[in-house]
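Accompanying notes for the structure given below.
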Amino acid sequence: MTEIEKKELIKRALEMRNFSYTPYSHYNVGAALLAANGTIYTGCNIENASFTPSNCAERTAFFKAVSEGVKEFNAIAIVGGPSDAIELEYCPPCGVCRQVMSEFCKDDFIVICAKSVDEYMEYTLPEILPARFGPKDLLG
Ligand code: THU
């Protein structure tokens with residue numbers, strides 16, 4: 001994956017923060033998921049008055065892709081912070097989203113946590129979710 005492709009993914013994630021529905025936390029997260037076929041699936045977090053039905057930006061992106069028959073992915077960019085933030089800090093993916101990644105992604109899947117298109121950290125899936133339970137444990 002080139003640096004230009006990474007920056008494009010971060011840009012798409014940043015745009016998604018505008019669509020976050022966060023009347024409770026006011027913490028807006030955007031994600032952009034690059035599928036192996038080259039398509040980018042975007043997502044934002046969507047909260048709920050009953051709290052537990054809330055969905056993270058990353059899972060919104062994954063579920064949009066999988067619901068359209070796409071199940072192979074190369075990378076995801078994640079950006080988040082208070083809705084009125086002028087500068088963002090890093091927003092690491094929550095544990096539930098890491099587990100969803102582990103369902104569909106291989107060890108070379110790249111997780112990009114960004115403050116901006118110029119400032120980002122990169123991890124592989126095994127780095128952020130070592131010793132994980134996944135499809136291989138049930139399917140062999
Ligand atoms: N959130 C995400 O969308 N992704 C993460 O990985 C961390 C948390 C959302 C959930 C909730 O709407 C808000 O951020 C505060 O937790």
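Chain labels A, B, ... are given in the sequence in which chains occur in the structure tokens; within each chain residues are numbered consecutively from 1, and ligands are likewise numbered from 1 in the order shown.
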Which residues of chain A have any atom within 9 Å of an atom in ligand 1 when counting only C-alpha atoms and all ligand atoms, and what is the closest pair of atoms for each, with the distance in Å to one decimal? Order the rows by chain and rising number and write it as JSON lines.
{"residue": "A:Ser20", "atom": "CA", "partner": "ligand 1", "partner_atom_place_in_ligand_line": "12 (O)", "distance": 8.1}
{"residue": "A:Tyr21", "atom": "CA", "partner": "ligand 1", "partner_atom_place_in_ligand_line": "12 (O)", "distance": 7.7}
{"residue": "A:Thr22", "atom": "CA", "partner": "ligand 1", "partner_atom_place_in_ligand_line": "12 (O)", "distance": 5.9}
{"residue": "A:Pro23", "atom": "CA", "partner": "ligand 1", "partner_atom_place_in_ligand_line": "12 (O)", "distance": 9.0}
{"residue": "A:Tyr24", "atom": "CA", "partner": "ligand 1", "partner_atom_place_in_ligand_line": "12 (O)", "distance": 7.9}
{"residue": "A:Ser25", "atom": "CA", "partner": "ligand 1", "partner_atom_place_in_ligand_line": "15 (C)", "distance": 5.4}
{"residue": "A:His26", "atom": "CA", "partner": "ligand 1", "partner_atom_place_in_ligand_line": "13 (C)", "distance": 7.4}
{"residue": "A:Tyr27", "atom": "CA", "partner": "ligand 1", "partner_atom_place_in_ligand_line": "13 (C)", "distance": 5.1}
{"residue": "A:Asn28", "atom": "CA", "partner": "ligand 1", "partner_atom_place_in_ligand_line": "14 (O)", "distance": 6.2}
{"residue": "A:Val29", "atom": "CA", "partner": "ligand 1", "partner_atom_place_in_ligand_line": "3 (O)", "distance": 4.8}
{"residue": "A:Gly30", "atom": "CA", "partner": "ligand 1", "partner_atom_place_in_ligand_line": "3 (O)", "distance": 7.0}
{"residue": "A:Ala31", "atom": "CA", "partner": "ligand 1", "partner_atom_place_in_ligand_line": "3 (O)", "distance": 8.1}
{"residue": "A:Gly43", "atom": "CA", "partner": "ligand 1", "partner_atom_place_in_ligand_line": "3 (O)", "distance": 8.7}
{"residue": "A:Cys44", "atom": "CA", "partner": "ligand 1", "partner_atom_place_in_ligand_line": "3 (O)", "distance": 6.5}
{"residue": "A:Asn45", "atom": "CA", "partner": "ligand 1", "partner_atom_place_in_ligand_line": "3 (O)", "distance": 4.3}
{"residue": "A:Ile46", "atom": "CA", "partner": "ligand 1", "partner_atom_place_in_ligand_line": "12 (O)", "distance": 6.0}
{"residue": "A:Glu47", "atom": "CA", "partner": "ligand 1", "partner_atom_place_in_ligand_line": "12 (O)", "distance": 5.2}
{"residue": "A:Asn48", "atom": "CA", "partner": "ligand 1", "partner_atom_place_in_ligand_line": "12 (O)", "distance": 8.6}
{"residue": "A:Phe51", "atom": "CA", "partner": "ligand 1", "partner_atom_place_in_ligand_line": "12 (O)", "distance": 8.8}
{"residue": "A:Ser54", "atom": "CA", "partner": "ligand 1", "partner_atom_place_in_ligand_line": "12 (O)", "distance": 6.3}
{"residue": "A:Asn55", "atom": "CA", "partner": "ligand 1", "partner_atom_place_in_ligand_line": "10 (C)", "distance": 6.4}
{"residue": "A:Cys56", "atom": "CA", "partner": "ligand 1", "partner_atom_place_in_ligand_line": "3 (O)", "distance": 3.2}
{"residue": "A:Ala57", "atom": "CA", "partner": "ligand 1", "partner_atom_place_in_ligand_line": "3 (O)", "distance": 4.1}
{"residue": "A:Glu58", "atom": "CA", "partner": "ligand 1", "partner_atom_place_in_ligand_line": "4 (N)", "distance": 6.0}
{"residue": "A:Arg59", "atom": "CA", "partner": "ligand 1", "partner_atom_place_in_ligand_line": "3 (O)", "distance": 7.9}
{"residue": "A:Thr60", "atom": "CA", "partner": "ligand 1", "partner_atom_place_in_ligand_line": "3 (O)", "distance": 8.5}
{"residue": "A:Ile78", "atom": "CA", "partner": "ligand 1", "partner_atom_place_in_ligand_line": "6 (O)", "distance": 7.8}
{"residue": "A:Val79", "atom": "CA", "partner": "ligand 1", "partner_atom_place_in_ligand_line": "4 (N)", "distance": 8.6}
{"residue": "A:Gly80", "atom": "CA", "partner": "ligand 1", "partner_atom_place_in_ligand_line": "14 (O)", "distance": 7.4}
{"residue": "A:Gly81", "atom": "CA", "partner": "ligand 1", "partner_atom_place_in_ligand_line": "14 (O)", "distance": 8.0}
{"residue": "A:Pro82", "atom": "CA", "partner": "ligand 1", "partner_atom_place_in_ligand_line": "15 (C)", "distance": 8.9}
{"residue": "A:Cys91", "atom": "CA", "partner": "ligand 1", "partner_atom_place_in_ligand_line": "7 (C)", "distance": 6.5}
{"residue": "A:Pro92", "atom": "CA", "partner": "ligand 1", "partner_atom_place_in_ligand_line": "6 (O)", "distance": 5.8}
{"residue": "A:Pro93", "atom": "CA", "partner": "ligand 1", "partner_atom_place_in_ligand_line": "6 (O)", "distance": 3.3}
{"residue": "A:Cys94", "atom": "CA", "partner": "ligand 1", "partner_atom_place_in_ligand_line": "6 (O)", "distance": 4.0}
{"residue": "A:Gly95", "atom": "CA", "partner": "ligand 1", "partner_atom_place_in_ligand_line": "6 (O)", "distance": 7.5}
{"residue": "A:Val96", "atom": "CA", "partner": "ligand 1", "partner_atom_place_in_ligand_line": "6 (O)", "distance": 8.0}
{"residue": "A:Cys97", "atom": "CA", "partner": "ligand 1", "partner_atom_place_in_ligand_line": "6 (O)", "distance": 6.3}
{"residue": "A:Arg98", "atom": "CA", "partner": "ligand 1", "partner_atom_place_in_ligand_line": "6 (O)", "distance": 8.2}
Go ahead and write the selection's residues with N, CA, C and O atoms as a short mmCIF file (atom, residue, chain, number, x, y, z; two decimals), in the first residue's frame.
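out.cif written:
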data_model
loop_
_atom_site.label_atom_id
_atom_site.label_comp_id
_atom_site.auth_asym_id
_atom_site.auth_seq_id
_atom_site.Cartn_x
_atom_site.Cartn_y
_atom_site.Cartn_z
N SER A 20 -21.31 11.29 11.73
CA SER A 20 -21.47 10.61 13.02
C SER A 20 -22.75 11.09 13.70
O SER A 20 -23.06 12.30 13.69
N TYR A 21 -23.48 10.14 14.30
CA TYR A 21 -24.68 10.48 15.08
C TYR A 21 -24.32 10.24 16.55
O TYR A 21 -24.29 9.10 17.02
N THR A 22 -23.95 11.32 17.24
CA THR A 22 -23.37 11.17 18.58
C THR A 22 -23.98 12.17 19.59
O THR A 22 -23.25 12.95 20.20
N PRO A 23 -25.32 12.14 19.75
CA PRO A 23 -25.93 13.10 20.69
C PRO A 23 -25.54 12.83 22.14
O PRO A 23 -25.74 13.69 22.99
N TYR A 24 -24.98 11.66 22.46
CA TYR A 24 -24.67 11.30 23.86
C TYR A 24 -23.20 11.51 24.18
O TYR A 24 -22.86 12.14 25.19
N SER A 25 -22.31 11.00 23.34
CA SER A 25 -20.87 11.15 23.63
C SER A 25 -20.26 12.39 22.99
O SER A 25 -19.22 12.88 23.44
N HIS A 26 -20.86 12.86 21.92
CA HIS A 26 -20.26 13.96 21.13
C HIS A 26 -18.83 13.62 20.72
O HIS A 26 -17.99 14.50 20.59
N TYR A 27 -18.56 12.33 20.56
CA TYR A 27 -17.24 11.86 20.13
C TYR A 27 -17.42 11.24 18.74
O TYR A 27 -18.07 10.20 18.59
N ASN A 28 -16.91 11.91 17.73
CA ASN A 28 -17.18 11.51 16.35
C ASN A 28 -16.04 10.68 15.78
O ASN A 28 -14.88 11.12 15.79
N VAL A 29 -16.40 9.52 15.26
CA VAL A 29 -15.39 8.62 14.69
C VAL A 29 -15.74 8.35 13.23
O VAL A 29 -16.91 8.14 12.88
N GLY A 30 -14.71 8.35 12.40
CA GLY A 30 -14.88 8.00 10.99
C GLY A 30 -13.93 6.87 10.63
O GLY A 30 -12.82 6.78 11.18
N ALA A 31 -14.36 6.01 9.72
CA ALA A 31 -13.51 4.90 9.28
C ALA A 31 -13.63 4.74 7.78
O ALA A 31 -14.68 5.02 7.19
N GLY A 43 -17.52 4.42 7.09
CA GLY A 43 -18.46 4.28 8.19
C GLY A 43 -18.28 5.37 9.22
O GLY A 43 -17.22 6.00 9.31
N CYS A 44 -19.36 5.62 9.97
CA CYS A 44 -19.30 6.56 11.10
C CYS A 44 -19.94 5.86 12.30
O CYS A 44 -20.60 4.83 12.14
N ASN A 45 -19.72 6.41 13.49
CA ASN A 45 -20.40 5.83 14.66
C ASN A 45 -21.83 6.35 14.74
O ASN A 45 -22.13 7.50 14.38
N ILE A 46 -22.71 5.48 15.20
CA ILE A 46 -24.15 5.76 15.27
C ILE A 46 -24.64 5.35 16.65
O ILE A 46 -24.65 4.15 16.98
N GLU A 47 -24.98 6.34 17.47
CA GLU A 47 -25.36 6.05 18.85
C GLU A 47 -26.87 5.87 18.98
O GLU A 47 -27.63 6.11 18.02
N ASN A 48 -27.29 5.45 20.17
CA ASN A 48 -28.70 5.16 20.41
C ASN A 48 -29.03 5.54 21.86
O ASN A 48 -28.20 5.33 22.76
N PHE A 51 -28.21 3.19 24.38
CA PHE A 51 -26.75 2.99 24.48
C PHE A 51 -26.20 1.72 23.83
O PHE A 51 -25.36 1.80 22.96
N SER A 54 -25.64 1.06 20.05
CA SER A 54 -24.71 1.96 19.33
C SER A 54 -23.73 1.16 18.51
O SER A 54 -23.32 0.06 18.89
N ASN A 55 -23.34 1.72 17.37
CA ASN A 55 -22.41 1.02 16.49
C ASN A 55 -21.18 1.90 16.22
O ASN A 55 -21.32 3.09 15.92
N CYS A 56 -20.02 1.29 16.30
CA CYS A 56 -18.77 2.03 16.03
C CYS A 56 -18.60 2.26 14.53
O CYS A 56 -19.14 1.52 13.70
N ALA A 57 -17.78 3.24 14.21
CA ALA A 57 -17.52 3.58 12.82
C ALA A 57 -16.91 2.41 12.05
O ALA A 57 -17.29 2.14 10.89
N GLU A 58 -16.00 1.71 12.69
CA GLU A 58 -15.31 0.60 12.02
C GLU A 58 -16.30 -0.50 11.64
O GLU A 58 -16.28 -1.04 10.54
N ARG A 59 -17.18 -0.83 12.60
CA ARG A 59 -18.14 -1.90 12.30
C ARG A 59 -19.16 -1.46 11.27
O ARG A 59 -19.62 -2.26 10.45
N THR A 60 -19.52 -0.19 11.27
CA THR A 60 -20.41 0.30 10.22
C THR A 60 -19.78 0.03 8.86
O THR A 60 -20.43 -0.48 7.93
N ILE A 78 -8.75 4.93 10.72
CA ILE A 78 -9.68 5.32 11.80
C ILE A 78 -9.27 6.68 12.35
O ILE A 78 -8.09 6.90 12.65
N VAL A 79 -10.25 7.58 12.45
CA VAL A 79 -9.99 8.90 13.05
C VAL A 79 -11.14 9.20 14.01
O VAL A 79 -12.29 8.87 13.75
N GLY A 80 -10.82 9.83 15.13
CA GLY A 80 -11.90 10.15 16.06
C GLY A 80 -11.49 11.18 17.08
O GLY A 80 -10.30 11.40 17.33
N GLY A 81 -12.51 11.81 17.65
CA GLY A 81 -12.27 12.79 18.69
C GLY A 81 -13.55 13.56 18.96
O GLY A 81 -14.56 13.38 18.26
N PRO A 82 -13.54 14.42 19.97
CA PRO A 82 -14.72 15.23 20.28
C PRO A 82 -15.20 15.96 19.03
O PRO A 82 -14.38 16.41 18.20
N CYS A 91 -7.37 7.66 17.85
CA CYS A 91 -8.55 6.92 18.31
C CYS A 91 -8.30 5.44 18.01
O CYS A 91 -8.54 4.99 16.87
N PRO A 92 -7.81 4.68 18.98
CA PRO A 92 -7.57 3.26 18.72
C PRO A 92 -8.90 2.51 18.63
O PRO A 92 -9.86 2.88 19.32
N PRO A 93 -8.98 1.49 17.81
CA PRO A 93 -10.24 0.74 17.68
C PRO A 93 -10.58 0.00 18.97
O PRO A 93 -9.69 -0.53 19.65
N CYS A 94 -11.86 -0.05 19.31
CA CYS A 94 -12.29 -0.75 20.53
C CYS A 94 -12.13 -2.26 20.34
O CYS A 94 -11.94 -2.76 19.22
N GLY A 95 -12.24 -2.98 21.44
CA GLY A 95 -12.04 -4.43 21.40
C GLY A 95 -13.05 -5.17 20.54
O GLY A 95 -12.71 -6.14 19.85
N VAL A 96 -14.28 -4.70 20.55
CA VAL A 96 -15.32 -5.36 19.74
C VAL A 96 -14.99 -5.21 18.25
O VAL A 96 -15.10 -6.16 17.47
N CYS A 97 -14.55 -4.02 17.86
CA CYS A 97 -14.19 -3.81 16.45
C CYS A 97 -12.96 -4.63 16.06
O CYS A 97 -12.87 -5.14 14.95
N ARG A 98 -12.01 -4.77 16.98
CA ARG A 98 -10.84 -5.61 16.70
C ARG A 98 -11.29 -7.06 16.45
O ARG A 98 -10.77 -7.74 15.57
#
Using the chain letters and numbers from this document, which residues of chain A does DSSP assign to strand (DSSP E), as a PyMOL selection string? chain A and resi 27-35+40-44+73-82+110-114+120-124
Would you write out those residues with N, CA and C atoms, as an mmCIF file, in the first residue's frame?
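The result, stored in selection.cif:
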data_model
loop_
_atom_site.group_PDB
_atom_site.id
_atom_site.type_symbol
_atom_site.label_atom_id
_atom_site.label_comp_id
_atom_site.auth_asym_id
_atom_site.auth_seq_id
_atom_site.Cartn_x
_atom_site.Cartn_y
_atom_site.Cartn_z
ATOM 1 N N TYR A 27 -18.563 12.332 20.560
ATOM 2 C CA TYR A 27 -17.237 11.860 20.130
ATOM 3 C C TYR A 27 -17.417 11.237 18.737
ATOM 4 N N ASN A 28 -16.915 11.915 17.731
ATOM 5 C CA ASN A 28 -17.184 11.507 16.355
ATOM 6 C C ASN A 28 -16.036 10.681 15.777
ATOM 7 N N VAL A 29 -16.397 9.518 15.258
ATOM 8 C CA VAL A 29 -15.393 8.619 14.691
ATOM 9 C C VAL A 29 -15.738 8.348 13.229
ATOM 10 N N GLY A 30 -14.710 8.347 12.403
ATOM 11 C CA GLY A 30 -14.883 7.998 10.990
ATOM 12 C C GLY A 30 -13.930 6.873 10.628
ATOM 13 N N ALA A 31 -14.362 6.010 9.723
ATOM 14 C CA ALA A 31 -13.512 4.897 9.282
ATOM 15 C C ALA A 31 -13.625 4.743 7.776
ATOM 16 N N ALA A 32 -12.536 4.304 7.173
ATOM 17 C CA ALA A 32 -12.546 3.986 5.741
ATOM 18 C C ALA A 32 -11.806 2.662 5.569
ATOM 19 N N LEU A 33 -12.512 1.707 5.014
ATOM 20 C CA LEU A 33 -12.045 0.325 4.907
ATOM 21 C C LEU A 33 -11.740 0.008 3.443
ATOM 22 N N LEU A 34 -10.490 -0.382 3.192
ATOM 23 C CA LEU A 34 -10.086 -0.712 1.824
ATOM 24 C C LEU A 34 -10.253 -2.206 1.587
ATOM 25 N N ALA A 35 -11.132 -2.547 0.657
ATOM 26 C CA ALA A 35 -11.345 -3.955 0.303
ATOM 27 C C ALA A 35 -10.265 -4.406 -0.670
ATOM 28 N N ILE A 40 -13.493 1.255 -1.480
ATOM 29 C CA ILE A 40 -13.411 1.781 -0.122
ATOM 30 C C ILE A 40 -14.820 1.845 0.461
ATOM 31 N N TYR A 41 -14.994 1.225 1.619
ATOM 32 C CA TYR A 41 -16.270 1.276 2.357
ATOM 33 C C TYR A 41 -16.069 2.179 3.565
ATOM 34 N N THR A 42 -16.939 3.159 3.715
ATOM 35 C CA THR A 42 -16.782 4.121 4.801
ATOM 36 C C THR A 42 -17.801 3.864 5.903
ATOM 37 N N GLY A 43 -17.518 4.416 7.087
ATOM 38 C CA GLY A 43 -18.462 4.276 8.191
ATOM 39 C C GLY A 43 -18.283 5.369 9.219
ATOM 40 N N CYS A 44 -19.360 5.620 9.967
ATOM 41 C CA CYS A 44 -19.301 6.556 11.097
ATOM 42 C C CYS A 44 -19.936 5.859 12.297
ATOM 43 N N PHE A 73 -10.240 -7.834 2.879
ATOM 44 C CA PHE A 73 -9.840 -6.451 3.151
ATOM 45 C C PHE A 73 -8.327 -6.316 3.327
ATOM 46 N N ASN A 74 -7.824 -5.134 2.984
ATOM 47 C CA ASN A 74 -6.379 -4.866 3.112
ATOM 48 C C ASN A 74 -6.041 -3.932 4.264
ATOM 49 N N ALA A 75 -6.906 -2.931 4.511
ATOM 50 C CA ALA A 75 -6.550 -1.903 5.502
ATOM 51 C C ALA A 75 -7.777 -1.120 5.937
ATOM 52 N N ILE A 76 -7.647 -0.483 7.118
ATOM 53 C CA ILE A 76 -8.695 0.435 7.577
ATOM 54 C C ILE A 76 -8.021 1.669 8.174
ATOM 55 N N ALA A 77 -8.582 2.836 7.895
ATOM 56 C CA ALA A 77 -8.134 4.074 8.545
ATOM 57 C C ALA A 77 -9.200 4.498 9.542
ATOM 58 N N ILE A 78 -8.753 4.934 10.718
ATOM 59 C CA ILE A 78 -9.682 5.318 11.796
ATOM 60 C C ILE A 78 -9.273 6.681 12.348
ATOM 61 N N VAL A 79 -10.251 7.581 12.450
ATOM 62 C CA VAL A 79 -9.993 8.896 13.054
ATOM 63 C C VAL A 79 -11.139 9.203 14.008
ATOM 64 N N GLY A 80 -10.821 9.827 15.131
ATOM 65 C CA GLY A 80 -11.899 10.147 16.063
ATOM 66 C C GLY A 80 -11.491 11.179 17.079
ATOM 67 N N GLY A 81 -12.513 11.807 17.647
ATOM 68 C CA GLY A 81 -12.275 12.790 18.694
ATOM 69 C C GLY A 81 -13.552 13.565 18.961
ATOM 70 N N PRO A 82 -13.536 14.418 19.969
ATOM 71 C CA PRO A 82 -14.723 15.233 20.277
ATOM 72 C C PRO A 82 -15.201 15.962 19.025
ATOM 73 N N ILE A 110 -3.796 -4.031 7.718
ATOM 74 C CA ILE A 110 -3.176 -2.839 8.316
ATOM 75 C C ILE A 110 -4.245 -1.946 8.949
ATOM 76 N N VAL A 111 -4.009 -1.570 10.195
ATOM 77 C CA VAL A 111 -4.890 -0.639 10.913
ATOM 78 C C VAL A 111 -4.157 0.693 11.039
ATOM 79 N N ILE A 112 -4.731 1.716 10.410
ATOM 80 C CA ILE A 112 -4.118 3.052 10.416
ATOM 81 C C ILE A 112 -4.915 3.932 11.370
ATOM 82 N N CYS A 113 -4.268 4.381 12.439
ATOM 83 C CA CYS A 113 -4.898 5.320 13.371
ATOM 84 C C CYS A 113 -4.280 6.685 13.094
ATOM 85 N N ALA A 114 -5.144 7.643 12.743
ATOM 86 C CA ALA A 114 -4.608 8.923 12.270
ATOM 87 C C ALA A 114 -5.112 10.106 13.086
ATOM 88 N N TYR A 120 0.065 9.720 11.328
ATOM 89 C CA TYR A 120 -0.673 8.482 11.579
ATOM 90 C C TYR A 120 0.258 7.373 12.062
ATOM 91 N N MET A 121 -0.373 6.388 12.736
ATOM 92 C CA MET A 121 0.338 5.204 13.235
ATOM 93 C C MET A 121 -0.232 4.000 12.506
ATOM 94 N N GLU A 122 0.597 2.995 12.327
ATOM 95 C CA GLU A 122 0.154 1.792 11.613
ATOM 96 C C GLU A 122 0.402 0.560 12.464
ATOM 97 N N TYR A 123 -0.548 -0.336 12.446
ATOM 98 C CA TYR A 123 -0.402 -1.607 13.155
ATOM 99 C C TYR A 123 -0.890 -2.724 12.236
ATOM 100 N N THR A 124 -0.395 -3.929 12.489
ATOM 101 C CA THR A 124 -1.011 -5.082 11.825
ATOM 102 C C THR A 124 -2.055 -5.642 12.791
#
Could you tell me which of A:Phe62, A:Ser116, A:Leu125, A:Leu88 comes closest to Glu8 of chain A if we count only C-alpha atoms? A:Ser116
The residue from A:Leu129, A:Ser50, A:Arg17, A:Thr39 with the smallest atom-to-atom distance to Glu68 of chain A, counting only C-alpha atoms, is A:Thr39
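One finds atom CA of Ala85 of chain A at 15.8 Å from atom CA of Val117 of chain A.
The spacing separating atom CA of Leu14 of chain A from atom CA of Glu127 of chain A amounts to 23.7 Å.
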Hey, what does DSSP flag as alpha helix (DSSP H) within chain A? Can you give it to me as a count of residues only? 43
What is the atom CA of Glu103 of chain A-atom CA of Pro135 of chain A distance in Å, reported with one decimal? 6.2 Å
